[in-house]
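final_35.pdb follows; it contains PDB, C-alpha atoms and all ligand atoms.
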ATOM      1  CA  MET A   1      68.607 -78.752  12.183
ATOM      2  CA  GLU A   2      66.894 -77.347  15.215
ATOM      3  CA  ALA A   3      68.973 -74.810  17.134
ATOM      4  CA  ILE A   4      68.903 -75.444  20.870
ATOM      5  CA  ILE A   5      71.155 -72.480  21.663
ATOM      6  CA  GLU A   6      71.627 -69.281  19.708
ATOM      7  CA  MET A   7      74.231 -66.722  20.706
ATOM      8  CA  LYS A   8      74.242 -63.450  18.798
ATOM      9  CA  HIS A   9      77.080 -60.990  19.327
ATOM     10  CA  VAL A  10      77.325 -61.751  23.013
ATOM     11  CA  SER A  11      79.877 -59.895  25.118
ATOM     12  CA  LYS A  12      80.484 -59.746  28.833
ATOM     13  CA  MET A  13      82.413 -57.051  30.651
ATOM     14  CA  PHE A  14      83.627 -57.299  34.224
ATOM     15  CA  LYS A  15      84.379 -53.659  35.016
ATOM     16  CA  ASP A  16      86.709 -52.751  32.167
ATOM     17  CA  LYS A  17      87.713 -56.344  31.415
ATOM     18  CA  LYS A  18      86.113 -58.027  28.452
ATOM     19  CA  ALA A  19      85.743 -61.675  29.500
ATOM     20  CA  VAL A  20      83.671 -62.620  26.456
ATOM     21  CA  ASN A  21      83.988 -60.754  23.209
ATOM     22  CA  ASP A  22      81.334 -60.815  20.502
ATOM     23  CA  LEU A  23      80.432 -64.495  20.546
ATOM     24  CA  SER A  24      78.027 -65.790  17.944
ATOM     25  CA  PHE A  25      77.234 -69.455  17.406
ATOM     26  CA  ARG A  26      74.400 -71.965  17.266
ATOM     27  CA  ILE A  27      74.267 -75.307  18.985
ATOM     28  CA  GLU A  28      72.155 -77.923  17.305
ATOM     29  CA  LYS A  29      69.937 -80.559  18.840
ATOM     30  CA  GLY A  30      71.730 -83.792  19.659
ATOM     31  CA  SER A  31      75.250 -82.396  19.193
ATOM     32  CA  VAL A  32      78.169 -82.826  21.580
ATOM     33  CA  THR A  33      80.218 -79.656  21.698
ATOM     34  CA  ALA A  34      83.495 -79.071  23.494
ATOM     35  CA  ILE A  35      84.469 -75.554  24.438
ATOM     36  CA  LEU A  36      88.230 -75.659  24.477
ATOM     37  CA  GLY A  37      90.622 -72.966  25.558
ATOM     38  CA  PRO A  38      93.340 -71.931  27.986
ATOM     39  CA  ASN A  39      92.763 -70.451  31.440
ATOM     40  CA  GLY A  40      90.847 -67.217  31.332
ATOM     41  CA  ALA A  41      89.596 -67.760  27.775
ATOM     42  CA  GLY A  42      86.026 -67.068  28.833
ATOM     43  CA  LYS A  43      84.644 -70.606  28.817
ATOM     44  CA  THR A  44      82.992 -70.504  32.230
ATOM     45  CA  THR A  45      81.660 -67.002  31.645
ATOM     46  CA  ALA A  46      80.056 -68.106  28.371
ATOM     47  CA  LEU A  47      78.480 -71.166  30.018
ATOM     48  CA  SER A  48      77.215 -69.092  32.914
ATOM     49  CA  MET A  49      75.480 -66.720  30.514
ATOM     50  CA  ILE A  50      73.865 -69.564  28.594
ATOM     51  CA  LEU A  51      72.642 -70.937  31.920
ATOM     52  CA  GLY A  52      71.186 -67.577  32.869
ATOM     53  CA  LEU A  53      73.515 -67.228  35.870
ATOM     54  CA  LEU A  54      75.172 -64.139  34.369
ATOM     55  CA  GLU A  55      73.635 -61.439  32.205
ATOM     56  CA  PRO A  56      75.455 -60.556  28.981
ATOM     57  CA  THR A  57      76.608 -56.955  28.706
ATOM     58  CA  GLU A  58      75.704 -57.018  25.032
ATOM     59  CA  GLY A  59      74.034 -59.386  22.620
ATOM     60  CA  GLU A  60      71.288 -61.952  22.748
ATOM     61  CA  ILE A  61      71.090 -65.539  23.979
ATOM     62  CA  LYS A  62      68.228 -67.882  23.237
ATOM     63  CA  VAL A  63      67.942 -71.378  24.646
ATOM     64  CA  PHE A  64      65.117 -73.539  23.293
ATOM     65  CA  GLY A  65      64.009 -70.304  21.623
ATOM     66  CA  LYS A  66      63.586 -68.518  24.956
ATOM     67  CA  ALA A  67      65.521 -66.471  27.492
ATOM     68  CA  PRO A  68      67.913 -68.679  29.492
ATOM     69  CA  LYS A  69      66.133 -67.813  32.731
ATOM     70  CA  ASP A  70      62.755 -69.031  31.535
ATOM     71  CA  GLN A  71      61.437 -71.783  33.819
ATOM     72  CA  SER A  72      60.673 -74.099  30.895
ATOM     73  CA  VAL A  73      64.321 -73.783  29.837
ATOM     74  CA  ARG A  74      65.544 -74.584  33.337
ATOM     75  CA  ASP A  75      63.324 -77.668  33.473
ATOM     76  CA  LYS A  76      65.056 -79.040  30.398
ATOM     77  CA  THR A  77      68.603 -78.123  31.396
ATOM     78  CA  GLY A  78      71.133 -79.770  33.708
ATOM     79  CA  ALA A  79      74.523 -78.417  34.687
ATOM     80  CA  MET A  80      77.558 -79.678  36.499
ATOM     81  CA  LEU A  81      79.695 -76.712  37.366
ATOM     82  CA  GLN A  82      83.169 -76.515  38.830
ATOM     83  CA  GLU A  83      81.995 -75.819  42.347
ATOM     84  CA  VAL A  84      79.548 -78.381  43.598
ATOM     85  CA  SER A  85      77.753 -77.000  46.600
ATOM     86  CA  ILE A  86      76.118 -79.756  48.512
ATOM     87  CA  MET A  87      73.519 -79.469  51.191
ATOM     88  CA  ASP A  88      74.711 -80.398  54.658
ATOM     89  CA  ARG A  89      72.869 -82.785  56.875
ATOM     90  CA  LEU A  90      71.206 -84.667  54.063
ATOM     91  CA  LYS A  91      72.086 -88.137  52.884
ATOM     92  CA  VAL A  92      72.937 -88.571  49.238
ATOM     93  CA  ARG A  93      69.679 -90.335  48.459
ATOM     94  CA  GLU A  94      67.724 -87.563  50.189
ATOM     95  CA  VAL A  95      69.533 -84.853  48.233
ATOM     96  CA  LEU A  96      68.823 -86.655  44.976
ATOM     97  CA  ASP A  97      65.177 -87.245  45.842
ATOM     98  CA  LEU A  98      64.778 -83.612  46.778
ATOM     99  CA  ILE A  99      66.260 -82.323  43.543
ATOM    100  CA  ARG A 100      64.336 -84.869  41.475
ATOM    101  CA  SER A 101      61.129 -83.618  43.066
ATOM    102  CA  TYR A 102      61.688 -80.163  41.563
ATOM    103  CA  TYR A 103      61.404 -81.490  38.024
ATOM    104  CA  PRO A 104      58.365 -82.508  36.011
ATOM    105  CA  ASN A 105      59.979 -85.661  34.556
ATOM    106  CA  PRO A 106      62.887 -86.674  36.770
ATOM    107  CA  MET A 107      65.278 -89.455  35.897
ATOM    108  CA  ASP A 108      64.560 -92.638  37.845
ATOM    109  CA  MET A 109      66.953 -93.419  40.645
ATOM    110  CA  GLU A 110      68.218 -96.666  39.087
ATOM    111  CA  SER A 111      69.302 -94.913  35.896
ATOM    112  CA  LEU A 112      70.912 -92.113  37.885
ATOM    113  CA  ILE A 113      72.963 -94.599  39.827
ATOM    114  CA  THR A 114      74.034 -96.585  36.796
ATOM    115  CA  LEU A 115      74.967 -93.458  34.892
ATOM    116  CA  THR A 116      76.995 -91.755  37.568
ATOM    117  CA  GLY A 117      78.629 -94.717  39.281
ATOM    118  CA  LEU A 118      77.335 -93.851  42.728
ATOM    119  CA  GLN A 119      77.169 -96.991  44.866
ATOM    120  CA  ASP A 120      74.313 -98.055  47.096
ATOM    121  CA  SER A 121      76.579 -97.480  50.062
ATOM    122  CA  ASP A 122      77.213 -93.891  48.900
ATOM    123  CA  LEU A 123      73.485 -93.171  48.882
ATOM    124  CA  LYS A 124      73.276 -93.803  52.612
ATOM    125  CA  ARG A 125      76.095 -91.435  53.459
ATOM    126  CA  TYR A 126      75.926 -87.775  54.304
ATOM    127  CA  ALA A 127      76.805 -85.804  51.194
ATOM    128  CA  GLU A 128      79.404 -83.719  52.981
ATOM    129  CA  LYS A 129      81.313 -86.885  53.962
ATOM    130  CA  LEU A 130      81.901 -88.022  50.382
ATOM    131  CA  SER A 131      85.379 -88.009  48.866
ATOM    132  CA  GLY A 132      86.234 -85.435  46.193
ATOM    133  CA  GLY A 133      85.611 -87.946  43.392
ATOM    134  CA  GLN A 134      82.328 -89.116  44.924
ATOM    135  CA  LYS A 135      81.209 -85.508  45.264
ATOM    136  CA  ARG A 136      81.804 -85.070  41.531
ATOM    137  CA  SER A 137      79.664 -88.159  40.887
ATOM    138  CA  LEU A 138      76.972 -86.626  43.040
ATOM    139  CA  GLY A 139      77.343 -83.376  41.079
ATOM    140  CA  PHE A 140      76.848 -85.385  37.904
ATOM    141  CA  ALA A 141      73.794 -87.094  39.396
ATOM    142  CA  LEU A 142      72.336 -83.740  40.451
ATOM    143  CA  ALA A 143      72.827 -82.396  36.921
ATOM    144  CA  MET A 144      70.984 -85.418  35.546
ATOM    145  CA  ALA A 145      68.240 -85.563  38.181
ATOM    146  CA  GLY A 146      65.683 -83.741  36.054
ATOM    147  CA  ASN A 147      66.436 -85.949  33.027
ATOM    148  CA  PRO A 148      67.419 -82.853  31.022
ATOM    149  CA  ASP A 149      67.592 -82.585  27.230
ATOM    150  CA  LEU A 150      70.435 -80.072  27.415
ATOM    151  CA  LEU A 151      73.511 -80.732  29.525
ATOM    152  CA  PHE A 152      76.441 -78.593  30.586
ATOM    153  CA  PHE A 153      79.649 -79.834  32.133
ATOM    154  CA  ASP A 154      82.248 -77.287  33.178
ATOM    155  CA  GLU A 155      85.673 -78.977  33.313
ATOM    156  CA  PRO A 156      83.984 -82.146  34.479
ATOM    157  CA  THR A 157      87.022 -84.375  34.902
ATOM    158  CA  VAL A 158      89.195 -82.104  37.020
ATOM    159  CA  GLY A 159      90.302 -84.088  40.060
ATOM    160  CA  LEU A 160      88.982 -87.431  38.805
ATOM    161  CA  ASP A 161      91.204 -90.495  38.582
ATOM    162  CA  ILE A 162      91.539 -92.381  35.309
ATOM    163  CA  THR A 163      88.797 -94.919  36.053
ATOM    164  CA  ALA A 164      86.353 -92.209  37.076
ATOM    165  CA  ARG A 165      87.226 -90.188  33.982
ATOM    166  CA  ARG A 166      86.647 -93.114  31.693
ATOM    167  CA  ARG A 167      83.362 -93.902  33.348
ATOM    168  CA  PHE A 168      82.255 -90.286  33.090
ATOM    169  CA  TRP A 169      82.987 -90.073  29.364
ATOM    170  CA  ASP A 170      81.303 -93.440  28.713
ATOM    171  CA  SER A 171      78.199 -92.054  30.382
ATOM    172  CA  VAL A 172      78.392 -88.845  28.377
ATOM    173  CA  ARG A 173      78.583 -90.846  25.163
ATOM    174  CA  LYS A 174      75.616 -92.914  26.296
ATOM    175  CA  LEU A 175      73.629 -89.725  26.917
ATOM    176  CA  ALA A 176      74.660 -88.415  23.518
ATOM    177  CA  GLY A 177      73.395 -91.673  22.023
ATOM    178  CA  GLN A 178      70.007 -90.900  23.560
ATOM    179  CA  GLY A 179      69.897 -87.643  21.594
ATOM    180  CA  LYS A 180      70.739 -85.243  24.426
ATOM    181  CA  THR A 181      72.479 -82.015  23.535
ATOM    182  CA  ILE A 182      75.742 -81.756  25.431
ATOM    183  CA  ILE A 183      78.229 -78.961  25.974
ATOM    184  CA  PHE A 184      81.361 -79.296  28.035
ATOM    185  CA  THR A 185      84.438 -77.196  28.659
ATOM    186  CA  THR A 186      87.920 -78.596  28.866
ATOM    187  CA  HIS A 187      91.573 -77.661  28.613
ATOM    188  CA  TYR A 188      92.352 -80.959  26.974
ATOM    189  CA  LEU A 189      92.193 -81.453  23.247
ATOM    190  CA  GLN A 190      92.222 -85.211  23.813
ATOM    191  CA  GLU A 191      88.947 -85.141  25.747
ATOM    192  CA  ALA A 192      87.344 -83.008  23.090
ATOM    193  CA  ASP A 193      88.646 -85.270  20.342
ATOM    194  CA  ASP A 194      87.400 -88.443  22.035
ATOM    195  CA  THR A 195      83.892 -87.294  22.802
ATOM    196  CA  ALA A 196      82.810 -84.150  20.955
ATOM    197  CA  ASP A 197      81.610 -83.845  17.391
ATOM    198  CA  ARG A 198      82.367 -80.149  17.386
ATOM    199  CA  ILE A 199      84.977 -77.983  19.054
ATOM    200  CA  LEU A 200      84.630 -74.288  19.771
ATOM    201  CA  LEU A 201      88.062 -72.924  20.498
ATOM    202  CA  PHE A 202      88.097 -69.870  22.745
ATOM    203  CA  HIS A 203      90.938 -67.486  23.215
ATOM    204  CA  LYS A 204      90.823 -64.229  25.138
ATOM    205  CA  GLY A 205      87.052 -64.242  25.210
ATOM    206  CA  ALA A 206      86.628 -64.752  21.480
ATOM    207  CA  LEU A 207      85.818 -67.714  19.298
ATOM    208  CA  VAL A 208      88.987 -68.371  17.291
ATOM    209  CA  ALA A 209      88.068 -71.692  15.681
ATOM    210  CA  ASP A 210      84.939 -73.749  15.178
ATOM    211  CA  GLY A 211      84.954 -77.168  13.568
ATOM    212  CA  THR A 212      85.091 -80.911  13.948
ATOM    213  CA  PRO A 213      87.903 -82.316  16.098
ATOM    214  CA  ASP A 214      89.757 -83.342  12.928
ATOM    215  CA  GLU A 215      89.534 -79.860  11.484
ATOM    216  CA  ILE A 216      90.704 -78.249  14.701
ATOM    217  CA  LYS A 217      93.528 -80.736  15.170
ATOM    218  CA  SER A 218      94.832 -80.167  11.703
ATOM    219  CA  ARG A 219      94.982 -76.464  12.509
ATOM    220  CA  ILE A 220      96.677 -76.985  15.823
ATOM    221  CA  VAL A 221      99.323 -79.414  14.717
ATOM    222  CA  LYS A 222     100.065 -77.736  11.419
ATOM    223  CA  ARG A 223     103.765 -77.827  10.746
ATOM    224  CA  SER A 224     105.967 -75.837   8.461
ATOM    225  CA  VAL A 225     109.283 -76.167   6.705
ATOM    226  CA  SER A 226     111.534 -73.146   6.828
ATOM    227  CA  PHE A 227     114.848 -72.260   5.220
ATOM    228  CA  MET A 228     117.111 -69.401   4.163
ATOM    229  CA  PRO A 229     117.670 -68.620   0.507
ATOM    230  CA  ARG A 230     121.311 -69.054  -0.561
ATOM    231  CA  GLN A 231     120.871 -65.992  -2.669
ATOM    232  CA  ASP A 232     117.617 -64.137  -2.421
ATOM    233  CA  GLY A 233     116.314 -62.206  -5.398
ATOM    234  CA  PRO A 234     113.627 -62.202  -8.097
ATOM    235  CA  GLY A 235     115.077 -65.336  -9.708
ATOM    236  CA  PHE A 236     114.937 -67.322  -6.482
ATOM    237  CA  ARG A 237     111.455 -66.066  -5.677
ATOM    238  CA  GLN A 238     110.193 -67.057  -9.075
ATOM    239  CA  ARG A 239     111.529 -70.590  -8.700
ATOM    240  CA  LEU A 240     109.994 -70.814  -5.245
ATOM    241  CA  LYS A 241     106.596 -69.689  -6.496
ATOM    242  CA  ALA A 242     106.706 -72.200  -9.322
ATOM    243  CA  LEU A 243     106.930 -75.173  -6.951
ATOM    244  CA  PRO A 244     103.379 -76.358  -6.352
ATOM    245  CA  LEU A 245     104.104 -77.835  -2.908
ATOM    246  CA  LEU A 246     105.712 -74.642  -1.692
ATOM    247  CA  THR A 247     103.293 -71.994  -2.909
ATOM    248  CA  ASP A 248     101.833 -71.314   0.546
ATOM    249  CA  HIS A 249     104.807 -69.535   2.095
ATOM    250  CA  TYR A 250     105.704 -66.346   3.926
ATOM    251  CA  ASP A 251     108.779 -64.523   5.235
ATOM    252  CA  ARG A 252     109.575 -64.081   8.906
ATOM    253  CA  ASP A 253     112.805 -63.080  10.626
ATOM    254  CA  GLY A 254     114.851 -63.551   7.467
ATOM    255  CA  ARG A 255     113.568 -67.061   6.907
ATOM    256  CA  ILE A 256     111.009 -68.401   4.481
ATOM    257  CA  TYR A 257     108.296 -70.545   6.027
ATOM    258  CA  VAL A 258     106.241 -72.992   3.983
ATOM    259  CA  ASN A 259     102.903 -74.054   5.396
ATOM    260  CA  THR A 260     102.213 -77.664   4.671
ATOM    261  CA  ASP A 261     100.357 -80.712   5.961
ATOM    262  CA  ASP A 262     103.161 -82.917   4.707
ATOM    263  CA  THR A 263     106.646 -81.735   5.567
ATOM    264  CA  ASP A 264     108.217 -84.832   3.926
ATOM    265  CA  LEU A 265     106.749 -83.937   0.564
ATOM    266  CA  ALA A 266     107.820 -80.309   0.914
ATOM    267  CA  LEU A 267     111.397 -81.426   1.619
ATOM    268  CA  GLU A 268     111.352 -83.822  -1.314
ATOM    269  CA  SER A 269     110.258 -81.010  -3.555
ATOM    270  CA  ILE A 270     113.068 -78.744  -2.326
ATOM    271  CA  PHE A 271     115.684 -81.415  -2.988
ATOM    272  CA  ALA A 272     114.212 -82.663  -6.258
ATOM    273  CA  GLU A 273     114.131 -79.164  -7.684
ATOM    274  CA  LYS A 274     117.532 -78.330  -6.199
ATOM    275  CA  LEU A 275     116.170 -75.131  -4.746
ATOM    276  CA  GLU A 276     119.153 -73.104  -3.515
ATOM    277  CA  VAL A 277     118.456 -73.007   0.183
ATOM    278  CA  ARG A 278     120.340 -73.632   3.387
ATOM    279  CA  ASP A 279     119.630 -74.226   7.053
ATOM    280  CA  ILE A 280     116.402 -76.133   6.496
ATOM    281  CA  ARG A 281     114.238 -76.616   9.556
ATOM    282  CA  ILE A 282     110.987 -78.342  10.288
ATOM    283  CA  ASP A 283     108.931 -76.270  12.662
ATOM    284  CA  GLN A 284     106.168 -77.583  14.831
ATOM    285  CA  GLY A 285     103.359 -75.268  13.961
ATOM    286  CA  ARG A 286     103.081 -71.556  13.619
ATOM    287  CA  LEU A 287     100.765 -71.648  16.503
ATOM    288  CA  ASP A 288      99.385 -68.442  17.782
ATOM    289  CA  GLU A 289      99.382 -67.968  21.510
ATOM    290  CA  ALA A 290      96.084 -69.724  22.041
ATOM    291  CA  PHE A 291      97.213 -72.901  20.377
ATOM    292  CA  GLU A 292     100.572 -72.856  22.130
ATOM    293  CA  GLN A 293      98.844 -72.605  25.450
ATOM    294  CA  LEU A 294      96.642 -75.494  24.478
ATOM    295  CA  THR A 295      99.537 -77.759  23.668
ATOM    296  CA  VAL A 296     101.151 -76.914  26.994
ATOM    297  CA  ASN A 297      97.952 -77.894  28.729
ATOM    298  CA  GLN A 298      97.779 -81.106  26.773
ATOM    299  CA  GLU A 299     101.245 -82.078  27.879
ATOM    300  CA  GLU A 300     100.204 -81.539  31.469
ATOM    301  CA  ALA A 301      97.292 -83.887  30.900
ATOM    302  CA  VAL A 302      99.426 -86.824  29.827
TER
HETATM  303  N1  LIG A 401      83.238 -62.447  38.450
HETATM  304  C1  LIG A 401      84.288 -61.969  37.793
HETATM  305  N2  LIG A 401      84.769 -60.732  38.039
HETATM  306  C2  LIG A 401      85.818 -60.230  37.362
HETATM  307  N3  LIG A 401      86.487 -60.904  36.385
HETATM  308  C3  LIG A 401      86.058 -62.139  36.097
HETATM  309  C4  LIG A 401      84.950 -62.734  36.780
HETATM  310  N4  LIG A 401      84.765 -63.972  36.267
HETATM  311  C5  LIG A 401      85.713 -64.152  35.320
HETATM  312  N5  LIG A 401      86.500 -63.036  35.214
HETATM  313  C6  LIG A 401      87.599 -62.849  34.262
HETATM  314  O1  LIG A 401      87.122 -63.117  32.968
HETATM  315  C7  LIG A 401      88.064 -63.844  32.212
HETATM  316  C8  LIG A 401      87.445 -65.152  31.711
HETATM  317  O2  LIG A 401      87.258 -66.012  32.822
HETATM  318  P1  LIG A 401      86.567 -67.450  32.699
HETATM  319  O3  LIG A 401      86.481 -68.000  34.079
HETATM  320  O4  LIG A 401      85.328 -67.345  31.908
HETATM  321  O5  LIG A 401      87.654 -68.253  31.856
HETATM  322  P2  LIG A 401      87.781 -69.813  31.613
HETATM  323  O6  LIG A 401      88.049 -69.988  30.173
HETATM  324  O7  LIG A 401      86.605 -70.511  32.187
HETATM  325  O8  LIG A 401      89.080 -70.124  32.456
HETATM  326  P3  LIG A 401      89.501 -71.450  33.285
HETATM  327  O9  LIG A 401      89.932 -72.444  32.272
HETATM  328  O10 LIG A 401      90.629 -70.941  34.098
HETATM  329  O11 LIG A 401      88.313 -71.878  34.090
HETATM  330  C9  LIG A 401      89.263 -64.046  33.115
HETATM  331  O12 LIG A 401      90.214 -63.060  32.805
HETATM  332  C10 LIG A 401      88.710 -63.856  34.497
HETATM  333  O13 LIG A 401      89.691 -63.348  35.353
END
Please re-express this file's structure in structure tokens.
Amino acid sequence: MEAIIEMKHVSKMFKDKKAVNDLSFRIEKGSVTAILGPNGAGKTTALSMILGLLEPTEGEIKVFGKAPKDQSVRDKTGAMLQEVSIMDRLKVREVLDLIRSYYPNPMDMESLITLTGLQDSDLKRYAEKLSGGQKRSLGFALAMAGNPDLLFFDEPTVGLDITARRRFWDSVRKLAGQGKTIIFTTHYLQEADDTADRILLFHKGALVADGTPDEIKSRIVKRSVSFMPRQDGPGFRQRLKALPLLTDHYDRDGRIYVNTDDTDLALESIFAEKLEVRDIRIDQGRLDEAFEQLTVNQEEAV
């Protein structure tokens, strides 16, 4: 597969703070990738470097095989960032026409309107008079104006109501269907799961997981069964090791934790084998801090 983006050992320091730490990954043509992670994980910094808005402190970034700042790269790239700055004193249609005129093969106005949900009446208004949600739609339209092959959306649904969110993701899926390469950042696992075919999970500037939504979910929601031995000792440990469903276990704080995808089966095995344990608990994940933060954010999203 053709790599559209290649990051090799990329780091970014802000004074003595490492915002991005040794990132390496490839993004393939036609893929939809979600960059997921809690506040401050480095998502925006990474995007900004790929877009050529920030220089990496270390490492190399290639986009379409070139430096991100290369004009030919910019012509093929569209971005909707968190802050949409909109020109005053221009009507929406004028802003869009202006931006379209910068590109060799702009998207036609009809398609732009259909894709972004801007209404005819919006086009006649001054951009600065639009509501927050309409401004986001305009931001989306501006990102698409050059009919780019590569698209970036930084937390695109923040501040959008449910209808606008749904519409936005429908459009993103439509663009993906046309073979565009899409990268977006989000705090919400659900958004990544619904739309992306790959998730890059960031935590403290580093890439801590990389996989399909199903793979990432199974890591995030992994549960464990834990218990105390009635009488710990070599005999007990041997019996524990001999139980195939319980082999993946470890000790913490005086308890024994069993990692498993199926806590029911693990419990059945404990009872069937009459393993001498007490105080059995089912624990929701041994999530490291990054994953815990993610689940908190997900709850906020509901
Ligand atoms: N211009 C800057 N100067 C100094 N520190 C910065 C700058 N930009 C980002 N940082 C720091 O770098 C770290 C990563 O920030 P970044 O905005 O990339 O995270 P994020 O994952 O996009 O977070 P959020 O979800 O809150 O948008 C944070 O600790 C942030 O405070």
For the structure shown, which residues end up in the PyMOL selection byres (((not hetatm)) within 9 of (chain A and resi 401))? Put them as a PyMOL selection string, please?
-> chain A and resi 12-15+17-20+35-48+82+154-155+185-187+202-205
Nearby residues, (112.2, -84.6, 4.1) file frame, 12 Å, only C-alpha atoms, as a short mmCIF file (atom, residue, chain, number, x, y, z; two decimals) with C-alpha atoms, in the frame of the given file:
data_model
loop_
_atom_site.label_atom_id
_atom_site.label_comp_id
_atom_site.auth_asym_id
_atom_site.auth_seq_id
_atom_site.Cartn_x
_atom_site.Cartn_y
_atom_site.Cartn_z
CA SER A 224 105.97 -75.84 8.46
CA VAL A 225 109.28 -76.17 6.70
CA SER A 226 111.53 -73.15 6.83
CA ASP A 262 103.16 -82.92 4.71
CA THR A 263 106.65 -81.74 5.57
CA ASP A 264 108.22 -84.83 3.93
CA LEU A 265 106.75 -83.94 0.56
CA ALA A 266 107.82 -80.31 0.91
CA LEU A 267 111.40 -81.43 1.62
CA GLU A 268 111.35 -83.82 -1.31
CA SER A 269 110.26 -81.01 -3.56
CA ILE A 270 113.07 -78.74 -2.33
CA PHE A 271 115.68 -81.42 -2.99
CA ALA A 272 114.21 -82.66 -6.26
CA ILE A 280 116.40 -76.13 6.50
CA ARG A 281 114.24 -76.62 9.56
CA ILE A 282 110.99 -78.34 10.29
#
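If only C-alpha atoms are the atoms counted, then among A:Glu60, A:Val172, A:Ala196, A:Asp149 the closest residue to Ser72 of chain A is A:Asp149.
Using all atoms listed in the file, the shortest contact distance between Ile216 of chain A and any of A:Ile61, A:Ala145, A:Leu189, A:Met228 is found at A:Leu189.
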Computed interatomic separation between atom CA of Ile183 of chain A and atom CA of Ala127 of chain A (Å) | 26.2 Å
Atom pair atom CA of Thr181 of chain A + atom CA of Val73 of chain A, distance 13.2 Å
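Shortest separation to Asp197 of chain A among A:Arg167, A:Arg173, A:Arg252, A:Lys66 occurs at residue A:Arg173, atoms counted being all atoms listed in the file.
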Can you list, as a PDB file with C-alpha atoms, in the coordinates of the input, every protein, DNA or RNA residue that comes within 9 Å of Thr157 of chain A when you count only C-alpha atoms, leaving out same-chain residues fewer than 4 positions away?
ATOM      1  CA  ARG A 136      81.804 -85.070  41.531  1.00  0.00           C
ATOM      2  CA  ASP A 161      91.204 -90.495  38.582  1.00  0.00           C
ATOM      3  CA  ALA A 164      86.353 -92.209  37.076  1.00  0.00           C
ATOM      4  CA  ARG A 165      87.226 -90.188  33.982  1.00  0.00           C
ATOM      5  CA  PHE A 168      82.255 -90.286  33.090  1.00  0.00           C
ATOM      6  CA  TRP A 169      82.987 -90.073  29.364  1.00  0.00           C
ATOM      7  CA  THR A 186      87.920 -78.596  28.866  1.00  0.00           C
TER       8      THR A 186
END
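By chain and then residue number, the residues within 10 Å of Asn147 of chain A are Asp75, Lys76, Thr77, Gly78, Arg100, Tyr103, Pro104, Asn105, Pro106, Met107, Asp108, Ser111, Leu112, Ala141, Leu142 and Lys180 of chain A, counting all atoms listed in the file and disregarding those fewer than 5 positions away in sequence.
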Selection result for the PyMOL selection byres (((chain A and resi 240) around 12) and not hetatm) on this file, as a short mmCIF file (atom, residue, chain, number, x, y, z; two decimals) with C-alpha atoms, keeping the file's coordinate frame:
data_model
loop_
_atom_site.label_atom_id
_atom_site.label_comp_id
_atom_site.auth_asym_id
_atom_site.auth_seq_id
_atom_site.Cartn_x
_atom_site.Cartn_y
_atom_site.Cartn_z
CA PHE A 227 114.85 -72.26 5.22
CA MET A 228 117.11 -69.40 4.16
CA PRO A 229 117.67 -68.62 0.51
CA ASP A 232 117.62 -64.14 -2.42
CA GLY A 233 116.31 -62.21 -5.40
CA PRO A 234 113.63 -62.20 -8.10
CA GLY A 235 115.08 -65.34 -9.71
CA PHE A 236 114.94 -67.32 -6.48
CA ARG A 237 111.46 -66.07 -5.68
CA GLN A 238 110.19 -67.06 -9.07
CA ARG A 239 111.53 -70.59 -8.70
CA LYS A 241 106.60 -69.69 -6.50
CA ALA A 242 106.71 -72.20 -9.32
CA LEU A 243 106.93 -75.17 -6.95
CA PRO A 244 103.38 -76.36 -6.35
CA LEU A 245 104.10 -77.83 -2.91
CA LEU A 246 105.71 -74.64 -1.69
CA THR A 247 103.29 -71.99 -2.91
CA ASP A 248 101.83 -71.31 0.55
CA HIS A 249 104.81 -69.54 2.10
CA TYR A 250 105.70 -66.35 3.93
CA ILE A 256 111.01 -68.40 4.48
CA TYR A 257 108.30 -70.54 6.03
CA VAL A 258 106.24 -72.99 3.98
CA ALA A 266 107.82 -80.31 0.91
CA SER A 269 110.26 -81.01 -3.56
CA ILE A 270 113.07 -78.74 -2.33
CA GLU A 273 114.13 -79.16 -7.68
CA LYS A 274 117.53 -78.33 -6.20
CA LEU A 275 116.17 -75.13 -4.75
CA GLU A 276 119.15 -73.10 -3.52
CA VAL A 277 118.46 -73.01 0.18
#
With all atoms listed in the file as the basis for distance, which of A:Leu98, A:Ala209, A:Met80, A:Ala192 is at the shortest distance from Pro156 of chain A?
-> A:Met80
Which residue of A:Glu191, A:Pro213, A:Phe184, A:Asp88 approaches Arg166 of chain A most closely, using only C-alpha atoms = A:Glu191
For atom CA of Ser31 of chain A and atom CA of Tyr102 of chain A, determine how far apart the two atoms are, in Å to one decimal place.
-> 26.3 Å
Which one of A:Arg278, A:Arg230, A:Arg223, A:Arg198 sits closest to Val32 of chain A if you count only C-alpha atoms?
-> A:Arg198
Within 7 Å of Gly59 of chain A, counting all atoms listed in the file, which residues qualify if same-chain residues fewer than 4 places away don't, as a PDB file with C-alpha atoms, in the coordinates of the input?
ATOM      1  CA  LYS A   8      74.242 -63.450  18.798  1.00  0.00           C
ATOM      2  CA  HIS A   9      77.080 -60.990  19.327  1.00  0.00           C
ATOM      3  CA  VAL A  10      77.325 -61.751  23.013  1.00  0.00           C
ATOM      4  CA  SER A  11      79.877 -59.895  25.118  1.00  0.00           C
TER       5      SER A  11
END
